[in-house]
>>> print(open('start-v2.csv').read())   # CSV, C-alpha atoms
chain,number,residue,atom,x,y,z
D,30,MET,CA,-21.5,-2.0,-9.0
D,31,ALA,CA,-19.9,1.2,-10.3
D,32,ASN,CA,-17.1,1.0,-7.7
D,33,SER,CA,-16.5,-2.7,-8.6
D,34,GLY,CA,-16.3,-1.8,-12.3
D,35,PHE,CA,-13.9,1.0,-11.5
D,36,GLN,CA,-11.7,-1.3,-9.5
D,37,LEU,CA,-11.7,-3.9,-12.2
D,38,LEU,CA,-10.7,-1.3,-14.8
D,39,GLY,CA,-7.9,-0.1,-12.6
D,40,TYR,CA,-6.8,-3.7,-11.9
D,41,PHE,CA,-6.6,-4.7,-15.6
D,42,LEU,CA,-4.8,-1.5,-16.5
D,43,ALA,CA,-2.2,-2.2,-13.8
D,44,LEU,CA,-2.0,-5.8,-14.9
D,45,GLY,CA,-1.3,-4.7,-18.5
D,46,GLY,CA,1.3,-2.2,-17.2
D,47,TRP,CA,3.0,-5.0,-15.2
D,48,ILE,CA,3.3,-7.2,-18.3
D,49,GLY,CA,4.8,-4.2,-20.1
D,50,ILE,CA,7.3,-3.7,-17.3
D,51,ILE,CA,8.4,-7.3,-17.6
D,52,SER,CA,8.8,-6.9,-21.4
D,53,THR,CA,10.8,-3.7,-20.9
D,54,THR,CA,13.1,-5.4,-18.4
D,55,VAL,CA,14.1,-8.2,-20.7
D,56,LEU,CA,14.2,-6.4,-24.0
D,57,PRO,CA,17.7,-5.6,-25.3
D,58,GLN,CA,16.6,-2.5,-27.3
D,59,TRP,CA,17.0,0.1,-24.6
D,60,LYS,CA,19.2,2.0,-27.0
D,61,GLN,CA,20.1,1.4,-30.6
D,62,SER,CA,22.8,2.7,-32.9
D,63,SER,CA,22.1,6.0,-34.5
D,64,TYR,CA,22.2,6.6,-38.3
D,65,ALA,CA,22.1,10.4,-37.9
D,66,GLY,CA,25.0,11.9,-39.8
D,67,ASP,CA,26.5,12.3,-43.2
D,68,ALA,CA,27.9,9.4,-45.1
D,69,ILE,CA,27.1,6.8,-42.4
D,70,ILE,CA,26.6,3.4,-43.9
D,71,MET,CA,26.3,0.6,-41.4
D,72,ALA,CA,25.6,-3.0,-42.3
D,73,VAL,CA,25.2,-3.9,-38.6
D,74,GLY,CA,22.7,-2.5,-36.2
D,75,LEU,CA,23.8,-2.4,-32.5
D,76,TYR,CA,21.4,-2.7,-29.6
D,77,GLU,CA,22.0,-2.6,-25.9
D,78,GLY,CA,19.8,-3.2,-22.9
D,79,LEU,CA,20.2,-3.8,-19.2
D,80,TRP,CA,21.4,-7.4,-19.5
D,81,MET,CA,23.0,-7.8,-23.0
D,82,SER,CA,24.1,-6.2,-26.1
D,83,CYS,CA,23.1,-7.4,-29.6
D,84,ALA,CA,24.2,-6.9,-33.2
D,85,SER,CA,21.8,-7.3,-36.0
D,86,GLN,CA,23.2,-7.8,-39.5
D,87,SER,CA,21.6,-6.9,-42.7
D,88,THR,CA,21.0,-10.5,-43.5
D,89,GLY,CA,18.7,-10.8,-40.5
D,90,GLN,CA,21.1,-12.7,-38.2
D,91,VAL,CA,21.2,-11.4,-34.6
D,92,GLN,CA,24.0,-12.1,-32.2
D,93,CYS,CA,23.7,-11.2,-28.5
D,94,LYS,CA,26.2,-11.2,-25.7
D,95,ILE,CA,25.2,-11.1,-22.0
D,96,PHE,CA,27.2,-8.7,-19.9
D,97,ASP,CA,29.8,-10.7,-18.1
D,98,SER,CA,30.7,-8.5,-15.2
D,99,LEU,CA,28.2,-6.6,-13.0
D,100,LEU,CA,30.7,-4.3,-11.3
D,101,SER,CA,32.2,-3.1,-14.6
D,102,LEU,CA,28.8,-1.7,-15.8
D,103,ASP,CA,28.0,1.9,-15.6
D,104,VAL,CA,26.2,3.1,-12.4
D,105,HIS,CA,23.0,4.1,-14.3
D,106,ILE,CA,22.7,0.6,-15.8
D,107,GLN,CA,23.2,-1.1,-12.4
D,108,THR,CA,20.6,1.3,-10.8
D,109,CYS,CA,18.1,0.8,-13.6
D,110,ARG,CA,18.5,-3.0,-13.2
D,111,ALA,CA,17.7,-2.7,-9.5
D,112,LEU,CA,14.7,-0.4,-10.1
D,113,MET,CA,13.2,-2.6,-12.8
D,114,VAL,CA,13.6,-5.8,-10.7
D,115,ILE,CA,12.0,-4.0,-7.7
D,116,SER,CA,9.2,-2.8,-9.9
D,117,VAL,CA,8.4,-6.3,-11.2
D,118,LEU,CA,8.4,-7.8,-7.7
D,119,MET,CA,6.4,-5.0,-6.3
D,120,GLY,CA,3.9,-5.3,-9.1
D,121,PHE,CA,3.5,-9.0,-8.5
D,122,ILE,CA,2.8,-8.4,-4.8
D,123,ALA,CA,0.3,-5.6,-5.7
D,124,ILE,CA,-1.6,-8.0,-8.0
D,125,ILE,CA,-2.1,-10.5,-5.2
D,126,VAL,CA,-3.0,-7.8,-2.6
D,127,SER,CA,-5.5,-6.1,-5.0
D,128,VAL,CA,-7.3,-9.4,-5.7
D,129,VAL,CA,-7.9,-9.8,-2.0
D,130,GLY,CA,-9.1,-6.2,-1.6
D,131,MET,CA,-11.5,-5.8,-4.5
D,132,LYS,CA,-15.2,-5.9,-3.9
D,133,CYS,CA,-15.9,-8.4,-6.7
D,134,THR,CA,-13.8,-11.1,-5.1
D,135,LYS,CA,-14.7,-13.4,-2.1
D,136,VAL,CA,-11.1,-13.9,-1.1
D,137,GLY,CA,-10.0,-13.0,2.5
D,138,ASP,CA,-12.0,-10.8,4.9
D,139,ASN,CA,-15.6,-10.0,3.8
D,140,ASN,CA,-15.7,-6.8,5.8
D,141,PRO,CA,-16.0,-3.9,3.3
D,142,ALA,CA,-13.9,-1.5,5.3
D,143,THR,CA,-11.1,-4.1,5.6
D,144,LYS,CA,-11.2,-5.0,1.9
D,145,SER,CA,-11.2,-1.3,1.0
D,146,LYS,CA,-8.0,-0.7,3.0
D,147,ILE,CA,-6.4,-3.8,1.4
D,148,ALA,CA,-7.3,-2.5,-2.1
D,149,ILE,CA,-5.8,0.9,-1.3
D,150,SER,CA,-2.6,-0.9,-0.3
D,151,GLY,CA,-2.6,-2.8,-3.6
D,152,GLY,CA,-3.2,0.5,-5.5
D,153,SER,CA,-0.3,2.2,-3.6
D,154,LEU,CA,2.0,-0.7,-4.5
D,155,PHE,CA,1.0,-0.3,-8.2
D,156,LEU,CA,1.8,3.4,-8.0
D,157,LEU,CA,5.2,2.8,-6.5
D,158,SER,CA,6.0,0.1,-9.1
D,159,GLY,CA,5.1,2.4,-11.9
D,160,LEU,CA,7.2,5.2,-10.3
D,161,CYS,CA,10.2,2.9,-10.1
D,162,THR,CA,9.9,2.1,-13.8
D,163,LEU,CA,9.4,5.7,-14.8
D,164,VAL,CA,12.5,6.7,-12.9
D,165,ALA,CA,14.6,3.9,-14.4
D,166,VAL,CA,13.5,4.5,-18.0
D,167,SER,CA,13.8,8.3,-17.8
D,168,TRP,CA,17.2,8.1,-16.3
D,169,TYR,CA,18.5,5.8,-19.0
D,170,ALA,CA,17.0,8.0,-21.7
D,171,THR,CA,18.7,11.0,-20.1
D,172,GLN,CA,22.1,9.2,-20.3
D,173,VAL,CA,21.5,8.3,-24.0
D,174,SER,CA,20.6,11.9,-24.8
D,175,TYR,CA,23.6,13.2,-23.0
D,176,HIS,CA,26.1,11.0,-24.9
D,177,PHE,CA,24.3,11.6,-28.2
D,178,PHE,CA,24.7,15.4,-28.0
D,179,ASP,CA,28.2,15.2,-26.4
D,180,PRO,CA,30.6,16.6,-29.0
D,181,ASN,CA,33.3,14.2,-27.7
D,182,THR,CA,31.3,11.2,-28.7
D,183,PRO,CA,32.2,9.9,-32.2
D,184,ILE,CA,29.4,10.0,-34.7
D,185,ASN,CA,29.5,6.3,-35.4
D,186,ALA,CA,29.4,5.5,-31.7
D,187,ARG,CA,26.2,7.5,-30.9
D,188,TYR,CA,23.0,5.8,-29.8
D,189,GLU,CA,19.3,6.8,-29.9
D,190,PHE,CA,16.2,5.7,-27.9
D,191,GLY,CA,15.3,2.1,-28.4
D,192,PRO,CA,11.7,0.7,-28.5
D,193,ALA,CA,12.1,-0.7,-25.0
D,194,LEU,CA,12.1,2.8,-23.6
D,195,PHE,CA,8.8,3.7,-25.2
D,196,VAL,CA,7.3,0.4,-23.9
D,197,GLY,CA,8.6,1.2,-20.5
D,198,TRP,CA,7.0,4.7,-20.5
D,199,ALA,CA,3.7,3.3,-21.6
D,200,ALA,CA,3.8,0.5,-19.0
D,201,ALA,CA,4.6,2.9,-16.2
D,202,ILE,CA,1.7,5.2,-17.2
D,203,LEU,CA,-0.7,2.2,-17.3
D,204,MET,CA,0.6,0.9,-13.9
D,205,MET,CA,0.2,4.3,-12.2
D,206,LEU,CA,-3.2,5.0,-13.8
D,207,GLY,CA,-4.5,1.6,-12.7
D,208,GLY,CA,-3.2,2.1,-9.1
D,209,SER,CA,-4.8,5.5,-9.0
D,210,PHE,CA,-8.2,4.1,-10.1
D,211,LEU,CA,-8.0,1.5,-7.3
D,212,CYS,CA,-7.1,4.0,-4.6
D,213,CYS,CA,-9.7,6.6,-5.8
D,214,SER,CA,-12.6,4.1,-5.9
D,215,CYS,CA,-11.9,2.9,-2.3
D,216,VAL,CA,-11.5,6.4,-1.0
D,217,ASN,CA,-14.8,7.5,-2.5
D,218,GLU,CA,-16.5,4.5,-1.0
D,219,ASP,CA,-15.1,5.2,2.5
D,220,SER,CA,-16.2,8.9,2.3
D,221,ARG,CA,-19.7,7.9,1.3
D,222,GLY,CA,-19.9,5.5,4.2
D,223,GLN,CA,-18.8,8.1,6.7
D,224,GLN,CA,-21.2,10.6,5.3
D,225,PHE,CA,-24.1,8.1,5.7
D,226,TYR,CA,-23.0,7.5,9.3
D,227,ARG,CA,-23.0,11.2,10.1
D,228,GLN,CA,-26.5,11.6,8.6
D,229,SER,CA,-28.0,8.7,10.4
D,230,GLN,CA,-26.5,9.5,13.8
D,231,PRO,CA,-28.8,12.4,14.8
D,232,SER,CA,-31.9,10.5,14.0
D,233,THR,CA,-30.7,7.6,16.1
D,234,ALA,CA,-30.0,10.0,19.0
D,235,ARG,CA,-33.5,11.6,18.7
D,236,GLU,CA,-35.1,8.2,18.7
D,237,TYR,CA,-33.1,7.3,21.9
D,238,VAL,CA,-34.2,10.6,23.6
D,239,ASP,CA,-37.9,9.9,22.6
D,240,GLU,CA,-37.7,6.4,24.0
D,241,LEU,CA,-36.1,7.7,27.2
D,242,SER,CA,-38.8,10.4,27.7
D,243,GLU,CA,-41.6,7.9,27.1
D,244,THR,CA,-40.0,5.6,29.7
D,245,SER,CA,-39.5,8.3,32.3
D,246,PHE,CA,-42.9,10.1,31.8
D,247,PRO,CA,-45.5,7.5,30.9
D,248,ASP,CA,-49.0,8.7,30.0
>>> encode(input="start-v2.csv", output="structure tokens")
Amino acid sequence: MANSGFQLLGYFLALGGWIGIISTTVLPQWKQSSYAGDAIIMAVGLYEGLWMSCASQSTGQVQCKIFDSLLSLDVHIQTCRALMVISVLMGFIAIIVSVVGMKCTKVGDNNPATKSKIAISGGSLFLLSGLCTLVAVSWYATQVSYHFFDPNTPINARYEFGPALFVGWAAAILMMLGGSFLCCSCVNEDSRGQQFYRQSQPSTAREYVDELSETSFPD
């Protein structure tokens, strides 16, 4: 029961992380216009994500424009796009695989050893998905920091971290934490099974020797 609860905890943590990764992918607030500086008064707030750029006016009206050309984008934006899409797809596959491999489900093979291996595979996919998100978000944040502190960048053209980056970091941590829980619970279960087998093997061998001796030398 303890292992089942541990697996469920890891699964729901990873599921929450996957939802956060989807939100991070579609949100346009990966970076937002900076107000750091003297005498900077802006009536329009600028946001930019992986797919579009938006302008938010002081009246509350928001206008967004989708990036027209893929090849004209910076390399880090194209790479972050690919990593986030791969992360979402990998997380979806991990969700299905983990459901099949968890002890509390009756889906697929009922052999505990087989289900344990399947659950480890799902946990590994969760870890890889979280790692892809972590790399994408951290790389994008590095580019934002580099241009912010670059003296050649005009003050009114500088950007800061947007809320989507923090959502992405939190989602990546949840995804990797959930995947680790799944893998650890299955590894502990396998080690206990092997230990039980080693402890029971000598007694079985002694019983076989006793039976053989009784058969060969009857009273």
>>> residues_around(input="start-v2.csv", residues="segment 143-150 of chain D", least_positions_apart="4", cutoff="6 Å", atoms="all atoms listed in the file", output="PyMOL selection string")
chain D and resi 127+130-131+212+215
>>> closest_residue(input="start-v2.csv", among="D:Cys93, D:Val173, D:Leu206, D:Ala201", to="Trp47 of chain D", atoms="all atoms listed in the file")
D:Ala201
>>> closest_residue(input="start-v2.csv", among="D:Val166, D:Glu77, D:Gly45, D:Ser63", to="Ile184 of chain D", atoms="only C-alpha atoms")
D:Ser63
>>> residues_around(input="start-v2.csv", residues="segment 53-61 of chain D", least_positions_apart="3", cutoff="6 Å", atoms="only C-alpha atoms", output="PyMOL selection string")
chain D and resi 50+75-78+188-194+197
>>> atom_distance(input="start-v2.csv", atom1="atom CA of Cys133 of chain D", atom2="atom CA of Ser52 of chain D")
28.8 Å
>>> residues_around(input="start-v2.csv", residues="Leu44 of chain D", least_positions_apart="4", cutoff="8 Å", atoms="all atoms listed in the file", output="PDB file with C-alpha atoms, in the frame of the given file")
ATOM      1  CA  TYR D  40      -6.800  -3.700 -11.900  1.00  0.00           C
ATOM      2  CA  ILE D  48       3.300  -7.200 -18.300  1.00  0.00           C
ATOM      3  CA  ILE D 124      -1.600  -8.000  -8.000  1.00  0.00           C
ATOM      4  CA  MET D 204       0.600   0.900 -13.900  1.00  0.00           C
TER       5      MET D 204
END
>>> atom_distance(input="start-v2.csv", atom1="atom CA of Leu156 of chain D", atom2="atom CA of Ala170 of chain D")
21.0 Å
>>> closest_residue(input="start-v2.csv", among="D:Gln107, D:Ser98, D:Val196, D:Ser33", to="Leu211 of chain D", atoms="only C-alpha atoms")
D:Ser33
>>> residues_around(input="start-v2.csv", residues="Leu160 of chain D", least_positions_apart="3", cutoff="9 Å", atoms="only C-alpha atoms", output="PyMOL selection string")
chain D and resi 116+155-157+163-165+201-202+204-205
>>> closest_residue(input="start-v2.csv", among="D:Tyr169, D:Phe178, D:Phe121, D:Phe210", to="Phe35 of chain D", atoms="all atoms listed in the file")
D:Phe210
>>> atom_distance(input="start-v2.csv", atom1="atom CA of Leu99 of chain D", atom2="atom CA of Met113 of chain D")
15.5 Å
>>> closest_residue(input="start-v2.csv", among="D:Ser153, D:Ala43, D:Gly74, D:Phe177", to="Cys213 of chain D", atoms="all atoms listed in the file")
D:Ser153
>>> closest_residue(input="start-v2.csv", among="D:Leu118, D:Cys109, D:Val73, D:Leu79", to="Ser167 of chain D", atoms="all atoms listed in the file")
D:Cys109
>>> decode(input="start-v2.csv", residues="segment 109-124 of chain D", atoms="all heavy atoms", output="PDB file, in the first residue's frame")
ATOM      1  N   CYS D 109      13.851  26.585 -28.213  1.00  0.00           N
ATOM      2  CA  CYS D 109      12.930  26.484 -27.070  1.00  0.00           C
ATOM      3  C   CYS D 109      11.563  25.981 -27.512  1.00  0.00           C
ATOM      4  O   CYS D 109      10.926  25.206 -26.794  1.00  0.00           O
ATOM      5  CB  CYS D 109      12.795  27.845 -26.390  1.00  0.00           C
ATOM      6  SG  CYS D 109      14.269  28.378 -25.499  1.00  0.00           S
ATOM      7  N   ARG D 110      11.120  26.389 -28.679  1.00  0.00           N
ATOM      8  CA  ARG D 110       9.872  25.859 -29.223  1.00  0.00           C
ATOM      9  C   ARG D 110       9.935  24.346 -29.359  1.00  0.00           C
ATOM     10  O   ARG D 110       9.039  23.610 -28.908  1.00  0.00           O
ATOM     11  CB  ARG D 110       9.603  26.472 -30.597  1.00  0.00           C
ATOM     12  CG  ARG D 110       8.848  27.769 -30.612  1.00  0.00           C
ATOM     13  CD  ARG D 110       8.527  28.123 -32.055  1.00  0.00           C
ATOM     14  NE  ARG D 110       7.760  29.346 -32.162  1.00  0.00           N
ATOM     15  CZ  ARG D 110       7.276  29.815 -33.304  1.00  0.00           C
ATOM     16  NH1 ARG D 110       7.492  29.151 -34.425  1.00  0.00           N
ATOM     17  NH2 ARG D 110       6.584  30.933 -33.330  1.00  0.00           N
ATOM     18  N   ALA D 111      11.006  23.865 -29.985  1.00  0.00           N
ATOM     19  CA  ALA D 111      11.154  22.422 -30.203  1.00  0.00           C
ATOM     20  C   ALA D 111      11.219  21.676 -28.885  1.00  0.00           C
ATOM     21  O   ALA D 111      10.567  20.626 -28.712  1.00  0.00           O
ATOM     22  CB  ALA D 111      12.403  22.156 -31.041  1.00  0.00           C
ATOM     23  N   LEU D 112      11.972  22.193 -27.927  1.00  0.00           N
ATOM     24  CA  LEU D 112      12.106  21.516 -26.637  1.00  0.00           C
ATOM     25  C   LEU D 112      10.775  21.460 -25.894  1.00  0.00           C
ATOM     26  O   LEU D 112      10.435  20.441 -25.275  1.00  0.00           O
ATOM     27  CB  LEU D 112      13.158  22.229 -25.782  1.00  0.00           C
ATOM     28  CG  LEU D 112      14.624  22.034 -26.196  1.00  0.00           C
ATOM     29  CD1 LEU D 112      15.529  22.932 -25.357  1.00  0.00           C
ATOM     30  CD2 LEU D 112      15.035  20.574 -26.040  1.00  0.00           C
ATOM     31  N   MET D 113      10.005  22.535 -25.942  1.00  0.00           N
ATOM     32  CA  MET D 113       8.729  22.552 -25.230  1.00  0.00           C
ATOM     33  C   MET D 113       7.713  21.618 -25.880  1.00  0.00           C
ATOM     34  O   MET D 113       6.960  20.923 -25.186  1.00  0.00           O
ATOM     35  CB  MET D 113       8.178  23.982 -25.184  1.00  0.00           C
ATOM     36  CG  MET D 113       9.015  24.957 -24.370  1.00  0.00           C
ATOM     37  SD  MET D 113       9.271  24.446 -22.652  1.00  0.00           S
ATOM     38  CE  MET D 113       7.598  24.541 -22.023  1.00  0.00           C
ATOM     39  N   VAL D 114       7.690  21.568 -27.205  1.00  0.00           N
ATOM     40  CA  VAL D 114       6.778  20.643 -27.884  1.00  0.00           C
ATOM     41  C   VAL D 114       7.163  19.200 -27.584  1.00  0.00           C
ATOM     42  O   VAL D 114       6.308  18.353 -27.299  1.00  0.00           O
ATOM     43  CB  VAL D 114       6.778  20.916 -29.399  1.00  0.00           C
ATOM     44  CG1 VAL D 114       6.001  19.834 -30.138  1.00  0.00           C
ATOM     45  CG2 VAL D 114       6.168  22.284 -29.695  1.00  0.00           C
ATOM     46  N   ILE D 115       8.465  18.902 -27.622  1.00  0.00           N
ATOM     47  CA  ILE D 115       8.925  17.555 -27.281  1.00  0.00           C
ATOM     48  C   ILE D 115       8.568  17.218 -25.841  1.00  0.00           C
ATOM     49  O   ILE D 115       8.158  16.092 -25.533  1.00  0.00           O
ATOM     50  CB  ILE D 115      10.446  17.448 -27.512  1.00  0.00           C
ATOM     51  CG1 ILE D 115      10.762  17.519 -29.007  1.00  0.00           C
ATOM     52  CG2 ILE D 115      11.001  16.158 -26.924  1.00  0.00           C
ATOM     53  CD1 ILE D 115      12.244  17.597 -29.306  1.00  0.00           C
ATOM     54  N   SER D 116       8.706  18.179 -24.957  1.00  0.00           N
ATOM     55  CA  SER D 116       8.387  17.953 -23.548  1.00  0.00           C
ATOM     56  C   SER D 116       6.907  17.627 -23.353  1.00  0.00           C
ATOM     57  O   SER D 116       6.554  16.721 -22.594  1.00  0.00           O
ATOM     58  CB  SER D 116       8.769  19.184 -22.730  1.00  0.00           C
ATOM     59  OG  SER D 116       8.452  19.013 -21.370  1.00  0.00           O
ATOM     60  N   VAL D 117       6.034  18.355 -24.047  1.00  0.00           N
ATOM     61  CA  VAL D 117       4.593  18.096 -23.928  1.00  0.00           C
ATOM     62  C   VAL D 117       4.241  16.704 -24.461  1.00  0.00           C
ATOM     63  O   VAL D 117       3.506  15.941 -23.817  1.00  0.00           O
ATOM     64  CB  VAL D 117       3.793  19.178 -24.672  1.00  0.00           C
ATOM     65  CG1 VAL D 117       2.317  18.803 -24.740  1.00  0.00           C
ATOM     66  CG2 VAL D 117       3.953  20.532 -23.984  1.00  0.00           C
ATOM     67  N   LEU D 118       4.782  16.351 -25.629  1.00  0.00           N
ATOM     68  CA  LEU D 118       4.494  15.036 -26.203  1.00  0.00           C
ATOM     69  C   LEU D 118       5.065  13.916 -25.341  1.00  0.00           C
ATOM     70  O   LEU D 118       4.407  12.893 -25.112  1.00  0.00           O
ATOM     71  CB  LEU D 118       5.079  14.957 -27.615  1.00  0.00           C
ATOM     72  CG  LEU D 118       4.449  15.896 -28.660  1.00  0.00           C
ATOM     73  CD1 LEU D 118       5.165  15.755 -30.000  1.00  0.00           C
ATOM     74  CD2 LEU D 118       2.969  15.601 -28.818  1.00  0.00           C
ATOM     75  N   MET D 119       6.273  14.105 -24.838  1.00  0.00           N
ATOM     76  CA  MET D 119       6.889  13.087 -24.000  1.00  0.00           C
ATOM     77  C   MET D 119       6.125  12.918 -22.690  1.00  0.00           C
ATOM     78  O   MET D 119       5.963  11.802 -22.182  1.00  0.00           O
ATOM     79  CB  MET D 119       8.343  13.470 -23.717  1.00  0.00           C
ATOM     80  CG  MET D 119       9.213  12.321 -23.238  1.00  0.00           C
ATOM     81  SD  MET D 119      10.925  12.853 -22.981  1.00  0.00           S
ATOM     82  CE  MET D 119      11.351  13.373 -24.644  1.00  0.00           C
ATOM     83  N   GLY D 120       5.632  14.032 -22.139  1.00  0.00           N
ATOM     84  CA  GLY D 120       4.836  13.942 -20.922  1.00  0.00           C
ATOM     85  C   GLY D 120       3.525  13.220 -21.145  1.00  0.00           C
ATOM     86  O   GLY D 120       3.073  12.457 -20.285  1.00  0.00           O
ATOM     87  N   PHE D 121       2.910  13.421 -22.319  1.00  0.00           N
ATOM     88  CA  PHE D 121       1.666  12.718 -22.627  1.00  0.00           C
ATOM     89  C   PHE D 121       1.896  11.207 -22.712  1.00  0.00           C
ATOM     90  O   PHE D 121       1.115  10.408 -22.182  1.00  0.00           O
ATOM     91  CB  PHE D 121       1.089  13.244 -23.943  1.00  0.00           C
ATOM     92  CG  PHE D 121      -0.161  12.546 -24.391  1.00  0.00           C
ATOM     93  CD1 PHE D 121      -1.368  12.776 -23.752  1.00  0.00           C
ATOM     94  CD2 PHE D 121      -0.131  11.650 -25.439  1.00  0.00           C
ATOM     95  CE1 PHE D 121      -2.529  12.121 -24.149  1.00  0.00           C
ATOM     96  CE2 PHE D 121      -1.278  10.994 -25.858  1.00  0.00           C
ATOM     97  CZ  PHE D 121      -2.478  11.232 -25.212  1.00  0.00           C
ATOM     98  N   ILE D 122       2.985  10.801 -23.371  1.00  0.00           N
ATOM     99  CA  ILE D 122       3.315   9.376 -23.451  1.00  0.00           C
ATOM    100  C   ILE D 122       3.606   8.816 -22.066  1.00  0.00           C
ATOM    101  O   ILE D 122       3.193   7.699 -21.722  1.00  0.00           O
ATOM    102  CB  ILE D 122       4.505   9.161 -24.389  1.00  0.00           C
ATOM    103  CG1 ILE D 122       4.151   9.594 -25.818  1.00  0.00           C
ATOM    104  CG2 ILE D 122       4.948   7.701 -24.388  1.00  0.00           C
ATOM    105  CD1 ILE D 122       5.316   9.567 -26.781  1.00  0.00           C
ATOM    106  N   ALA D 123       4.309   9.601 -21.241  1.00  0.00           N
ATOM    107  CA  ALA D 123       4.640   9.147 -19.885  1.00  0.00           C
ATOM    108  C   ALA D 123       3.393   8.944 -19.038  1.00  0.00           C
ATOM    109  O   ALA D 123       3.336   8.022 -18.210  1.00  0.00           O
ATOM    110  CB  ALA D 123       5.576  10.160 -19.219  1.00  0.00           C
ATOM    111  N   ILE D 124       2.390   9.782 -19.227  1.00  0.00           N
ATOM    112  CA  ILE D 124       1.143   9.636 -18.471  1.00  0.00           C
ATOM    113  C   ILE D 124       0.477   8.298 -18.791  1.00  0.00           C
ATOM    114  O   ILE D 124       0.027   7.573 -17.899  1.00  0.00           O
ATOM    115  CB  ILE D 124       0.196  10.811 -18.777  1.00  0.00           C
ATOM    116  CG1 ILE D 124       0.732  12.098 -18.157  1.00  0.00           C
ATOM    117  CG2 ILE D 124      -1.213  10.534 -18.262  1.00  0.00           C
ATOM    118  CD1 ILE D 124      -0.038  13.335 -18.561  1.00  0.00           C
TER     119      ILE D 124
END
